[in-house]
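Colleague: Shown below is the structure under consideration.
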Amino acid sequence: MTELPSLPGLRQAIDAVDDQVLALLNRRAALAGEVGRLKAAAAPEALFHAPAREREVLARLEAASPGPFPAPAVRTVFQEIMSACLSLEKPLRVAFLGPEGTFTHLAARHQFGGSSQSLPQGTIQAVFQAVERQRADYGVVPVENATEGAVDSTLDAFLDSPLAICAEILLAVDQALLLRPGLDLAGVRRVYSHPQALGQCRRWLETHLSGADRIEAPSTSEAARLAREDAEGAAVASELAADLFGLRVAETKIQDLAANATRFLVLGPKSAEPTGRDRTTLLAMAQDGPGALLRLLEPLARRGLNLSRIQSRPTRRKLWEYAFFLDVEGHAEEPSMAEALVELRGACASLKVLGSYPRAMEVAR
Ligand SMILES: C=C(O[C@@H]1C=C(C(=O)O)C=C[C@H]1O)C(=O)O
């Protein structure tokens, strides 16, 4: 008969594995430190952070892990390890649309890990400015939501900004109903949230809180803060906001569209290196006249370049003049895209490559 392992014996074995993990983490940090010194010697102004390389590391490890360690946790753990290795030199300063606890904060944490320095900003414009004035290394802003569509203030900010897009993040947006400890659903008279979040949960609120007033707040996190101060208040916000503002999660996933998700962009000084699965965002001012839009699309279509999105915004410089935002699959350094860009430059009044960056392959949670 085989003997069952004892609890103390198993714990001893776990301690021994932890010692090995710790030794390996320190060896890894030392190697990353050497890479940092090498990069600094080659180009003192350049950032240590290399988003394309990080993407490669995560993809390789996720695919290689045999289990039983859960596959999504492989990503989370290694993102934190890289974040910590980067912070050895200097924590990355990451500006995002705040305050803390917003979904943009969650997207920033997903991308940069917990060892980065959070710089919450009040507006999307302020996120751009923080990166432009080098108070932050990177900025994170929302660009489109599956329920509510484009975030116009992000598109507008690109019209006058020299910044590049260096990554995108697709994040599942699960709204939660948050209550003060001790309060139950029947006692709620006011529900605070950002208008977008209230809109995303319209059906649930009608069914469960039809008698409560909806009160609009500048962000979901600000709503959580307001609910904390109101004896009969609740908030629609992230579960992270519950932790930050001392509220209890009364119900999770209350949004009408179960697969609600938002796409975020990471702003930085330059585009990412090619990875083979990239996206390029272009900003084109079309020439006025018949067929202008066709001339913009034709050089892409002829080369089989997939246009995944097109959005127009008024330029605010001239009446009825429009800027077109184009998302095209591929990297600007790839030959077919480079050729298309040369042709496009001739076909429109102006063309700006806002950035090439690795495509988000899945919705993060
Ligand atoms: C070590 C490097 O620099 C940074 C740290 C990384 C890591 O810890 O694996 C990966 C990419 C960079 O953000 C590198 O470029 O290889």
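To be explicit about the labels: the chains of the structure tokens are called A, B, and onward in the order shown, and within each one the residues are counted from 1, while ligands get numbers from 1 in the order they are shown.
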Could you pull out the residues sitting within 6 Å of ligand 1, using only C-alpha atoms and all ligand atoms, and write them as a PyMOL selection string?
Modeller: chain A and resi 32+35+48-51+53-54+82+85-86
Colleague: Please identify all polymer residues within 8 Å of segment 57-68 of chain A, counting only C-alpha atoms, omitting same-chain residues fewer than 6 positions from it, and present them as an MDAnalysis selection string.
Modeller: chainID A and resid 74:75 78:79
Colleague: Just to be explicit: take each residue in the selection above, keep C-alpha atoms, and write the result as a PDB file, in the first residue's frame.
Modeller:
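Output (selection-v3.pdb):
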```pdb
ATOM      1  CA  VAL A  74       0.888  32.655 -16.268  1.00  0.00           C
ATOM      2  CA  ARG A  75       0.333  35.990 -17.951  1.00  0.00           C
ATOM      3  CA  PHE A  78       4.985  37.170 -15.591  1.00  0.00           C
ATOM      4  CA  GLN A  79       3.590  40.654 -16.262  1.00  0.00           C
TER       5      GLN A  79
END
```
Colleague: Rank A:Ala284, A:Ala231, A:Leu155, A:Leu305 by their smallest atom-to-atom distance to Arg345 of chain A, using only C-alpha atoms, and report the top residue only.
Modeller: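 Once distances to Arg345 of chain A are computed over only C-alpha atoms, the minimum belongs to A:Ala284.
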Colleague: If we count only C-alpha atoms, what is near segment 16-25 of chain A at a cut-off of 12 Å, once residues fewer than 2 positions away on the same chain are taken out, given as a list in words?
Modeller: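 Using only C-alpha atoms, the neighbours found are Gly9, Leu10, Arg11, Gln12, Ala13, Ile14, Arg27, Arg28, Ala29, Ala30, Leu31, Ala32, Val77, Phe78, Glu80, Ile81, Met82, Ala84 and Cys85 of chain A.
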Colleague: Write out as a PyMOL selection string the set of residues from segment 183-343 of chain A that DSSP, computed on the backbone, places in alpha helix (DSSP H).
Modeller: chain A and resi 195-200+202-208+220-229+239-245+292-302+335-343
Colleague: Take the selection from the previous step and output its residues with C-alpha atoms, as a PDB file, in the first residue's frame.
Modeller:
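Listing of out04.pdb after writing:
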```pdb
ATOM      1  CA  PRO A 195     -23.412  58.143 -17.690  1.00  0.00           C
ATOM      2  CA  GLN A 196     -21.745  55.469 -19.894  1.00  0.00           C
ATOM      3  CA  ALA A 197     -21.835  52.938 -17.052  1.00  0.00           C
ATOM      4  CA  LEU A 198     -25.464  53.784 -16.177  1.00  0.00           C
ATOM      5  CA  GLY A 199     -26.280  53.264 -19.871  1.00  0.00           C
ATOM      6  CA  GLN A 200     -24.482  49.910 -19.927  1.00  0.00           C
ATOM      7  CA  ARG A 202     -29.959  50.143 -17.916  1.00  0.00           C
ATOM      8  CA  ARG A 203     -31.940  46.864 -17.830  1.00  0.00           C
ATOM      9  CA  TRP A 204     -30.517  45.610 -14.520  1.00  0.00           C
ATOM     10  CA  LEU A 205     -31.166  48.963 -12.838  1.00  0.00           C
ATOM     11  CA  GLU A 206     -34.752  49.070 -14.164  1.00  0.00           C
ATOM     12  CA  THR A 207     -35.416  45.588 -12.787  1.00  0.00           C
ATOM     13  CA  HIS A 208     -33.700  45.835  -9.399  1.00  0.00           C
ATOM     14  CA  THR A 220     -17.144  55.337 -11.925  1.00  0.00           C
ATOM     15  CA  SER A 221     -14.520  55.784  -9.179  1.00  0.00           C
ATOM     16  CA  GLU A 222     -15.836  59.229  -8.256  1.00  0.00           C
ATOM     17  CA  ALA A 223     -19.293  57.601  -8.092  1.00  0.00           C
ATOM     18  CA  ALA A 224     -17.939  55.053  -5.593  1.00  0.00           C
ATOM     19  CA  ARG A 225     -16.568  57.889  -3.453  1.00  0.00           C
ATOM     20  CA  LEU A 226     -19.944  59.690  -3.535  1.00  0.00           C
ATOM     21  CA  ALA A 227     -21.824  56.487  -2.616  1.00  0.00           C
ATOM     22  CA  ARG A 228     -19.533  56.006   0.370  1.00  0.00           C
ATOM     23  CA  GLU A 229     -20.675  59.397   1.695  1.00  0.00           C
ATOM     24  CA  GLU A 239     -14.761  45.741  -8.152  1.00  0.00           C
ATOM     25  CA  LEU A 240     -11.385  47.455  -7.706  1.00  0.00           C
ATOM     26  CA  ALA A 241     -13.264  50.652  -6.797  1.00  0.00           C
ATOM     27  CA  ALA A 242     -15.068  48.711  -4.028  1.00  0.00           C
ATOM     28  CA  ASP A 243     -11.689  47.870  -2.467  1.00  0.00           C
ATOM     29  CA  LEU A 244     -10.359  51.405  -2.837  1.00  0.00           C
ATOM     30  CA  PHE A 245     -13.410  53.176  -1.419  1.00  0.00           C
ATOM     31  CA  ALA A 292     -11.660  61.566 -51.968  1.00  0.00           C
ATOM     32  CA  LEU A 293     -12.571  58.770 -49.569  1.00  0.00           C
ATOM     33  CA  LEU A 294     -12.234  56.175 -52.319  1.00  0.00           C
ATOM     34  CA  ARG A 295      -8.668  57.371 -53.070  1.00  0.00           C
ATOM     35  CA  LEU A 296      -7.888  56.898 -49.380  1.00  0.00           C
ATOM     36  CA  LEU A 297      -9.115  53.315 -49.285  1.00  0.00           C
ATOM     37  CA  GLU A 298      -8.048  52.059 -52.684  1.00  0.00           C
ATOM     38  CA  PRO A 299      -4.238  51.809 -52.042  1.00  0.00           C
ATOM     39  CA  LEU A 300      -4.994  49.645 -48.987  1.00  0.00           C
ATOM     40  CA  ALA A 301      -7.610  47.427 -50.662  1.00  0.00           C
ATOM     41  CA  ARG A 302      -5.433  46.816 -53.753  1.00  0.00           C
ATOM     42  CA  PRO A 335       6.843  46.436 -47.425  1.00  0.00           C
ATOM     43  CA  SER A 336       3.194  46.358 -48.592  1.00  0.00           C
ATOM     44  CA  MET A 337       2.125  48.849 -45.897  1.00  0.00           C
ATOM     45  CA  ALA A 338       5.147  51.090 -46.570  1.00  0.00           C
ATOM     46  CA  GLU A 339       4.211  51.196 -50.289  1.00  0.00           C
ATOM     47  CA  ALA A 340       0.569  51.924 -49.494  1.00  0.00           C
ATOM     48  CA  LEU A 341       1.639  54.808 -47.225  1.00  0.00           C
ATOM     49  CA  VAL A 342       3.726  56.403 -50.000  1.00  0.00           C
ATOM     50  CA  GLU A 343       0.712  56.228 -52.312  1.00  0.00           C
TER      51      GLU A 343
END
```
Colleague: What is the distance, in Å and to one decimal place, between atom CA of Asp288 of chain A and atom CA of Phe325 of chain A?
Modeller: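 Computing it gives 16.4 Å between the two atoms.
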Colleague: Pick out each residue of segment 70-186 of chain A that DSSP on the backbone tags as strand (DSSP E or B); I need them as an NGL selection string.
Modeller: :A and (93-97 or 117-121 or 138-145 or 149-150 or 164-172 or 176-179)
Colleague: Between atom CA of Ser83 of chain A and atom CA of Ser115 of chain A, what is the distance in Å, rounded to a tenth?
Modeller: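 About the pair atom CA of Ser83 of chain A and atom CA of Ser115 of chain A: they are 5.4 Å apart.
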Colleague: Env of segment 141-153 of chain A: 6 Å cut, atoms = only C-alpha atoms, seq-sep filter 4 positions within chain, self excluded. Answer as a ChimeraX atom specification.
Modeller: /A:260-265
Colleague: Save out the residues we just selected, N, CA and C atoms, as an mmCIF file, in the first residue's frame.
Modeller:
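Everything below was put into result.cif:
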```cif
data_model
loop_
_atom_site.group_PDB
_atom_site.id
_atom_site.type_symbol
_atom_site.label_atom_id
_atom_site.label_comp_id
_atom_site.auth_asym_id
_atom_site.auth_seq_id
_atom_site.Cartn_x
_atom_site.Cartn_y
_atom_site.Cartn_z
ATOM 1 N N ASN A 260 -19.409 42.912 -22.668
ATOM 2 C CA ASN A 260 -19.017 44.319 -22.716
ATOM 3 C C ASN A 260 -17.489 44.444 -22.627
ATOM 4 N N ALA A 261 -16.891 45.226 -23.521
ATOM 5 C CA ALA A 261 -15.429 45.375 -23.499
ATOM 6 C C ALA A 261 -15.056 46.759 -24.008
ATOM 7 N N THR A 262 -13.899 47.258 -23.581
ATOM 8 C CA THR A 262 -13.394 48.536 -24.054
ATOM 9 C C THR A 262 -11.992 48.336 -24.604
ATOM 10 N N ARG A 263 -11.695 49.068 -25.678
ATOM 11 C CA ARG A 263 -10.349 49.047 -26.248
ATOM 12 C C ARG A 263 -9.623 50.307 -25.782
ATOM 13 N N PHE A 264 -8.418 50.138 -25.257
ATOM 14 C CA PHE A 264 -7.600 51.246 -24.763
ATOM 15 C C PHE A 264 -6.337 51.349 -25.605
ATOM 16 N N LEU A 265 -5.770 52.558 -25.696
ATOM 17 C CA LEU A 265 -4.504 52.749 -26.404
ATOM 18 C C LEU A 265 -3.443 53.185 -25.410
#
```
Colleague: My list of candidates is A:Gly233, A:Gly114, A:Pro181, A:Gly246. Which is closest to Arg214 of chain A when distances are computed with only C-alpha atoms?
Modeller: A:Gly233
Colleague: Between A:Gln117, A:Gln255, A:Gln287, A:Ser87, which one has atoms that come closest to Glu321 of chain A, using only C-alpha atoms?
Modeller: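 Closest candidate: A:Gln287.
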Colleague: Between atom CA of Lys270 of chain A and atom CA of Pro72 of chain A, what distance in Å does the model show, to one decimal?
Modeller: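 About the pair atom CA of Lys270 of chain A and atom CA of Pro72 of chain A: they are 28.7 Å apart.
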Colleague: Tell me which of A:Gly139, A:Gly98, A:Gly330, A:Pro162 sits closest to Pro218 of chain A, counting only C-alpha atoms.
Modeller: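 Selected residue with least distance to Pro218 of chain A: A:Gly98.
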Colleague: Of the candidates A:Phe128, A:Tyr322, A:Phe103, A:Tyr192, which shows the shortest atom-to-atom distance to Ile169 of chain A, using only C-alpha atoms?
Modeller: A:Phe103
